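All remarks here apply to the structure that follows.
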Amino acid sequence: MLLGLMSRLLSEQRTSVWAIVVLQMIQTAGNLMLPTLNASVIDDGILAGRTDVILRLGGWMVALSVVQVTAALGAGYLGAVVAMKIGHRLRRDLFGKVQTMSSQEVGAFGAPSLVTRATNDVQQIQTFAVLVFTMLAAAPVMGIGGIVLAVQQDATLSAVVIAIVPLLVLIMALIVRRLIPLYRQGQELIDGVTRILREQIIGASVIRAFVRQDHEARRFAEANRKLTRNNLQSALLVAGMLPMIMIVVNLSAVAVVWFGGHLIQSGRMQVGALTAFIAYILQILLAIMMAMYVFMTAPRAAVCAERIQEVLDVEPAIAGPALPFAASGVFPQGATAARTDGAAAAGTDGTEHAASGDVNDGTVAAGTVEFRNVVFAYPGAETPVLAGISFTARAGATTAIIGSTGSGKSTLLNLLPRFLDAVDGEIRFGGRNIRTFQLDDLRARMAIVPQQAYLFAGTVAGNLRMAAPGASDEDLWQALRRAQADEFVRNLPNGLNAAVGQGGAGLSGGQRQRLCIARAILRKAELFLFDDSFSALDYATEARVRQALAPALGSAAVIIVAERVASIMDAGQILVLNEGRLVAQGTHRDLLQTSRTYREIAESQLALDELP
């Protein structure tokens, strides 16, 4: 997995990678030549008393050292640049992939895990890449070259090298094999710590309100303890590797000096040759240690690569244009399935063919929404969340949706911008099946006020211009006036340029909702979706907002999800959901007479004198 990911990323940096390899080869060649030159200086210059040989070979050694240092600096610089580009590419790809994923797919990974993968996991791969570019390319050449040149100096002493190299490789293999599961578990534990931290930071007020600080502290301490224990185990293995290797290295150095001394004493070896041999032994061991450092980080990087690739391999379930439904015709148990004339069909060759009705013929007003026997169920669920939903929300009119908690109101609304996809039936927008739209085009025709009034870190103006980047300040103030938010924005420091914290920190729930409403109506949309968007407003403010919104909504279709009957009494059409089914639809007055479910909701909220 790691090699595949790295090769794909490095394919875009071929020139830089080859330059790094060439520079490291030059650096390594310099390292290998210096001991031989040094041996000649000792044997042919110092011991022979020839100053000219010392100066000539010494000059070559200085020149070679300059070239070696220059190549090392160049390789190090290019290696760092390529590693940072790899990190940049991975973060960009992960961010882009997450943007295409549905809420179900994001939930399967979990937000904390996705954050960890885009930050810590990418950082681990960057660290590994730096080590690879700094060491791994040079290590094999230095090791093999050192062995060849050491044998050239003295074949008898080379037996020491032949004995210690397999031993060092065995030590590293055993430790790396133990590190892989520890690193995999460690990344999962980091996810857990990140999740707990995120929950405790976001839910700080809830924790304090229920006096659960001690419980949360214990929960975090347990997660922290497990992560610390895991890191300690892996750190001890890594720390133990170095002493074990140094013991072997030092013993081999002692053996070389011992046997080399006897060879010199017997006249079979010169002092310079022994000096060069010791230098080559040290270079061989240095090459092994360089490889060791790379292999120590490789298991963690491999685990991180697996986790990153899991995200990159996700095929978004929602994309457009696409087939409305699987050709198999298999739907969740309990769902009523009926294909409509506008649905697309799969040909016998497996290709997708758009059926008739995918283009508006001009008979349906832009913005009109039609649900035709729509079914939605989560993967693996035994029963659908929504079943047999059929209605029409016409342009220029307001359609309201009401029902008990968990009846599927927000789920129904999320089907329109395709945050979720129906498993059967058909949804048409402006006369076209919504699956025939490109997702960006479909969503650009809508303006949405989500159930959770979320604002981004920045300024008031920056948040509003998310809906209309080219909006002028006057446009922003007009939208704020219609959302009854202009007064409190004027009182903020710097007005439109007032700082907004992440999630709208520092603003009340009602203020956040009104800013989200203002953001939505800035867009010239064909369809406006309000998902319980007035719940944080008092009745008087809500009434003023709804009255001021009417001119801004114009001829667009409006769909409102609400919990309060007072919010939807004036809607042209009210849909009543109960346990995922559309049990009634009509006006407020009609439903009071014909729908027991609606009347029960109304009686629980309205005063008796408001009921006919």
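Numbering starts fresh at 1 for the residues of each chain in the structure tokens, the chains themselves are lettered A, B, ... in the order given, and ligands are numbered from 1 as they appear.
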Each range 478-536 of chain A residue no farther than 8 Å from range 458-472 of chain A, nearest pair in Å, only C-alpha atoms, as CSV:
```
residue,atom,partner,partner_atom,distance
A:Gly495,CA,A:Val460,CA,7.8
A:Leu496,CA,A:Ala461,CA,5.1
A:Asn497,CA,A:Thr459,CA,5.2
A:Ala498,CA,A:Thr459,CA,5.3
A:Ala499,CA,A:Thr459,CA,4.5
A:Val500,CA,A:Thr459,CA,5.1
A:Gly501,CA,A:Gly458,CA,6.8
A:Gln502,CA,A:Gly458,CA,7.8
A:Leu515,CA,A:Leu464,CA,7.4
A:Cys516,CA,A:Leu464,CA,7.7
A:Ala518,CA,A:Leu464,CA,7.0
A:Arg519,CA,A:Leu464,CA,4.5
A:Ala520,CA,A:Ala467,CA,6.3
A:Leu522,CA,A:Ala468,CA,6.1
A:Arg523,CA,A:Ala467,CA,5.5
```
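For Val22 in chain A, the non-local neighbours within 12 Å, defined as residues at least 3 positions apart in the same chain or in other chains and counting only C-alpha atoms, are Thr15, Ser16, Val17, Trp18, Ala19, Met25, Ile26, Gln27, Thr28, Ala29, Gln68, Ala71, Ala72, Gly74, Ala75, Leu78, Phe133, Ala137, Ala138 and Val141 of chain A.
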With C-alpha atoms retained, write the just-selected residues as a short mmCIF file (atom, residue, chain, number, x, y, z; two decimals), in the first residue's frame.
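Contents of the output file result-v1.cif:
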```
data_model
loop_
_atom_site.label_atom_id
_atom_site.label_comp_id
_atom_site.auth_asym_id
_atom_site.auth_seq_id
_atom_site.Cartn_x
_atom_site.Cartn_y
_atom_site.Cartn_z
CA THR A 15 12.73 15.07 -12.49
CA SER A 16 13.32 16.04 -8.87
CA VAL A 17 13.50 12.40 -7.76
CA TRP A 18 16.12 11.55 -10.38
CA ALA A 19 18.07 14.67 -9.41
CA MET A 25 25.18 8.91 -5.84
CA ILE A 26 27.76 11.70 -6.11
CA GLN A 27 27.74 12.17 -2.33
CA THR A 28 28.08 8.43 -1.71
CA ALA A 29 30.85 8.06 -4.30
CA GLN A 68 30.36 15.77 -1.57
CA ALA A 71 25.72 17.22 -3.44
CA ALA A 72 24.50 16.41 0.08
CA GLY A 74 21.34 19.73 -2.91
CA ALA A 75 19.89 16.28 -2.25
CA LEU A 78 15.28 18.67 -3.10
CA PHE A 133 15.25 10.87 0.05
CA ALA A 137 18.92 5.87 -1.94
CA ALA A 138 22.45 6.32 -0.53
CA VAL A 141 25.23 2.08 -2.69
#
```
Spatial neighbours of Phe528 in chain A, 7 Å, only C-alpha atoms, chain gap at least 6 places, as JSON, numbers by chain: {"A": [446, 447, 448, 557, 558, 559]}
Test item: residues at most 10 Å from Ser535 in chain A, only C-alpha atoms, excluding those fewer than 5 positions along its chain, as an MDAnalysis selection string: chainID A and resid 451 509:510 513 542 562:564 567
Could the residues in this selection be written to a file with N, CA and C atoms, as a PDB file, in the first residue's frame?
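To be explicit, this is the file written out as out_23.pdb:
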```
ATOM      1  N   GLN A 451     -30.711  22.766   9.470  1.00  0.00           N
ATOM      2  CA  GLN A 451     -31.254  22.665  10.819  1.00  0.00           C
ATOM      3  C   GLN A 451     -30.257  23.171  11.849  1.00  0.00           C
ATOM      4  N   GLY A 509     -28.210  31.550  19.600  1.00  0.00           N
ATOM      5  CA  GLY A 509     -28.824  30.664  18.614  1.00  0.00           C
ATOM      6  C   GLY A 509     -29.710  31.414  17.643  1.00  0.00           C
ATOM      7  N   GLY A 510     -30.484  32.375  18.155  1.00  0.00           N
ATOM      8  CA  GLY A 510     -31.350  33.160  17.274  1.00  0.00           C
ATOM      9  C   GLY A 510     -30.561  34.024  16.313  1.00  0.00           C
ATOM     10  N   GLN A 513     -29.239  31.775  13.570  1.00  0.00           N
ATOM     11  CA  GLN A 513     -30.298  31.397  12.626  1.00  0.00           C
ATOM     12  C   GLN A 513     -30.622  32.535  11.675  1.00  0.00           C
ATOM     13  N   GLU A 542     -40.140  35.776  14.693  1.00  0.00           N
ATOM     14  CA  GLU A 542     -40.420  34.851  13.597  1.00  0.00           C
ATOM     15  C   GLU A 542     -41.472  35.419  12.656  1.00  0.00           C
ATOM     16  N   ALA A 562     -40.909  22.360   9.947  1.00  0.00           N
ATOM     17  CA  ALA A 562     -41.147  23.084  11.198  1.00  0.00           C
ATOM     18  C   ALA A 562     -41.674  22.144  12.260  1.00  0.00           C
ATOM     19  N   GLU A 563     -41.414  22.520  13.496  1.00  0.00           N
ATOM     20  CA  GLU A 563     -41.976  21.820  14.643  1.00  0.00           C
ATOM     21  C   GLU A 563     -43.193  22.565  15.190  1.00  0.00           C
ATOM     22  N   ARG A 564     -43.252  23.876  14.916  1.00  0.00           N
ATOM     23  CA  ARG A 564     -44.316  24.717  15.468  1.00  0.00           C
ATOM     24  C   ARG A 564     -45.402  24.939  14.429  1.00  0.00           C
ATOM     25  N   SER A 567     -45.728  28.403  12.817  1.00  0.00           N
ATOM     26  CA  SER A 567     -44.792  28.776  11.755  1.00  0.00           C
ATOM     27  C   SER A 567     -45.327  28.443  10.374  1.00  0.00           C
TER      28      SER A 567
END
```
For the contact check between range 276-311 of chain A and range 177-190 of chain A, emit one row per residue of range 276-311 of chain A within 12 Å, containing the shortest atom pair and the distance in Å rounded to one decimal, counting only C-alpha atoms, chain then rising number order, as a Markdown table.
```
| residue | atom | partner | partner_atom | distance |
| --- | --- | --- | --- | --- |
| A:Phe295 | CA | A:Leu179 | CA | 10.0 |
| A:Met296 | CA | A:Leu179 | CA | 7.9 |
| A:Thr297 | CA | A:Leu179 | CA | 9.3 |
| A:Ala298 | CA | A:Ile180 | CA | 8.6 |
| A:Pro299 | CA | A:Ile180 | CA | 4.9 |
| A:Arg300 | CA | A:Tyr183 | CA | 5.2 |
| A:Ala301 | CA | A:Tyr183 | CA | 8.8 |
| A:Ala302 | CA | A:Ile180 | CA | 8.2 |
| A:Val303 | CA | A:Arg184 | CA | 5.5 |
| A:Cys304 | CA | A:Gln187 | CA | 7.6 |
| A:Ala305 | CA | A:Arg184 | CA | 10.6 |
| A:Glu306 | CA | A:Arg184 | CA | 9.5 |
| A:Arg307 | CA | A:Gln187 | CA | 9.0 |
| A:Ile308 | CA | A:Gln187 | CA | 11.5 |
```
Can you spit out the residues from that selection as a compact mmCIF listing (two decimals), in the first residue's frame, using C-alpha atoms?
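Okay, this is what ended up in again34.txt:
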```txt
# COMPACT_ATOMS: atom_id res chain seq x y z
CA PHE A 295 12.63 0.86 8.27
CA MET A 296 11.72 2.10 11.75
CA THR A 297 9.45 4.77 10.24
CA ALA A 298 8.21 2.55 7.41
CA PRO A 299 5.69 0.55 9.52
CA ARG A 300 3.98 3.69 10.82
CA ALA A 301 4.03 5.24 7.34
CA ALA A 302 2.57 2.01 5.89
CA VAL A 303 -0.29 2.08 8.39
CA CYS A 304 -0.92 5.76 7.61
CA ALA A 305 -0.85 5.04 3.88
CA GLU A 306 -3.48 2.32 4.37
CA ARG A 307 -5.71 4.75 6.27
CA ILE A 308 -5.29 7.49 3.70
```
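When only C-alpha atoms are used to measure the gap to Ala317 in chain A, the shortest distance among A:Leu131, A:Ala83, A:Ala422, A:Leu582 belongs to A:Ala422.
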Pairwise distance for CA of Glu12 in chain A and CA of Asp313 in chain A, rounded to one decimal in Å: 19.5 Å
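We find CA of Val311 in chain A and CA of Thr100 in chain A to be spaced 11.1 Å apart.
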Range 45-133 of chain A: residues DSSP assigns to alpha helix (DSSP H), reported as a PyMOL selection string: chain A and resi 51-100+103-109+111-116+122-131
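Each of A:Tyr378, A:Tyr280, A:Tyr293, A:Phe220 was checked against Pro35 in chain A using only C-alpha atoms; the smallest atom-to-atom distance is that of A:Tyr280.
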All strand (DSSP E) positions in range 381-481 of chain A, as a PyMOL selection string: chain A and resi 386-393+398-403+424-429+432-433+446-449+458-459
Could the residues in this selection be saved with C-alpha atoms as a PDB file, in the first residue's frame?
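Saved file part38.pdb follows:
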```
ATOM      1  CA  LEU A 386     -39.398   7.281   4.226  1.00  0.00           C
ATOM      2  CA  ALA A 387     -41.818   5.208   2.182  1.00  0.00           C
ATOM      3  CA  GLY A 388     -44.319   6.021  -0.552  1.00  0.00           C
ATOM      4  CA  ILE A 389     -43.865   9.833  -0.390  1.00  0.00           C
ATOM      5  CA  SER A 390     -45.739  11.602  -3.190  1.00  0.00           C
ATOM      6  CA  PHE A 391     -46.535  15.319  -3.398  1.00  0.00           C
ATOM      7  CA  THR A 392     -45.926  18.426  -5.498  1.00  0.00           C
ATOM      8  CA  ALA A 393     -44.462  21.674  -4.178  1.00  0.00           C
ATOM      9  CA  THR A 398     -44.994  27.551   0.291  1.00  0.00           C
ATOM     10  CA  THR A 399     -45.097  23.889   1.233  1.00  0.00           C
ATOM     11  CA  ALA A 400     -44.631  23.054   4.899  1.00  0.00           C
ATOM     12  CA  ILE A 401     -43.697  19.725   6.446  1.00  0.00           C
ATOM     13  CA  ILE A 402     -44.623  18.855  10.005  1.00  0.00           C
ATOM     14  CA  GLY A 403     -44.616  15.713  12.083  1.00  0.00           C
ATOM     15  CA  ASP A 424     -36.778   4.090  -5.061  1.00  0.00           C
ATOM     16  CA  GLY A 425     -39.292   6.402  -6.632  1.00  0.00           C
ATOM     17  CA  GLU A 426     -38.459   9.644  -8.392  1.00  0.00           C
ATOM     18  CA  ILE A 427     -37.826  13.243  -7.416  1.00  0.00           C
ATOM     19  CA  ARG A 428     -38.267  15.885 -10.107  1.00  0.00           C
ATOM     20  CA  PHE A 429     -37.162  19.481  -9.970  1.00  0.00           C
ATOM     21  CA  ARG A 432     -36.391  17.083 -14.572  1.00  0.00           C
ATOM     22  CA  ASN A 433     -35.276  14.090 -12.593  1.00  0.00           C
ATOM     23  CA  MET A 446     -31.374  25.984  -4.333  1.00  0.00           C
ATOM     24  CA  ALA A 447     -30.856  28.028  -1.187  1.00  0.00           C
ATOM     25  CA  ILE A 448     -30.738  26.050   2.040  1.00  0.00           C
ATOM     26  CA  VAL A 449     -30.998  27.017   5.689  1.00  0.00           C
ATOM     27  CA  GLY A 458     -14.228  34.777   9.528  1.00  0.00           C
ATOM     28  CA  THR A 459     -16.474  37.822   9.321  1.00  0.00           C
TER      29      THR A 459
END
```
Shell of 10 Å around Leu577 in chain A, only C-alpha atoms, local chain residues under 3 positions omitted, as a list in words: Leu386, Ile389, Ile401, Ile402, Gly403, Ser404, Thr405, Gly406, Ser407, Gly408, Lys409, Leu412, Ile574, Gly580, Arg581, Leu582, Val583, Ala584, Gln585, Thr597 and Tyr598 of chain A
How about saving the chosen residues, C-alpha atoms kept, as a PDB file, in the first residue's frame?
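Here's the written file selection16.pdb:
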```pdb
ATOM      1  CA  LEU A 386     -39.398   7.281   4.226  1.00  0.00           C
ATOM      2  CA  ILE A 389     -43.865   9.833  -0.390  1.00  0.00           C
ATOM      3  CA  ILE A 401     -43.697  19.725   6.446  1.00  0.00           C
ATOM      4  CA  ILE A 402     -44.623  18.855  10.005  1.00  0.00           C
ATOM      5  CA  GLY A 403     -44.616  15.713  12.083  1.00  0.00           C
ATOM      6  CA  SER A 404     -43.402  14.156  15.266  1.00  0.00           C
ATOM      7  CA  THR A 405     -39.710  13.874  16.076  1.00  0.00           C
ATOM      8  CA  GLY A 406     -38.097  11.147  13.979  1.00  0.00           C
ATOM      9  CA  SER A 407     -40.819  11.118  11.350  1.00  0.00           C
ATOM     10  CA  GLY A 408     -38.318  11.827   8.540  1.00  0.00           C
ATOM     11  CA  LYS A 409     -38.863  15.539   7.909  1.00  0.00           C
ATOM     12  CA  LEU A 412     -37.016  14.272   3.141  1.00  0.00           C
ATOM     13  CA  ILE A 574     -48.926  21.337   4.646  1.00  0.00           C
ATOM     14  CA  GLY A 580     -41.857   7.975   7.573  1.00  0.00           C
ATOM     15  CA  ARG A 581     -45.159   8.084   5.718  1.00  0.00           C
ATOM     16  CA  LEU A 582     -47.162  10.977   4.346  1.00  0.00           C
ATOM     17  CA  VAL A 583     -50.416  10.580   6.240  1.00  0.00           C
ATOM     18  CA  ALA A 584     -52.134  13.828   5.215  1.00  0.00           C
ATOM     19  CA  GLN A 585     -51.696  16.964   3.139  1.00  0.00           C
ATOM     20  CA  THR A 597     -52.385  13.503  13.642  1.00  0.00           C
ATOM     21  CA  TYR A 598     -52.243  17.157  12.630  1.00  0.00           C
TER      22      TYR A 598
END
```
One-decimal distance in Å that lies between CA of Val41 in chain A and CA of Val151 in chain A: 19.7 Å
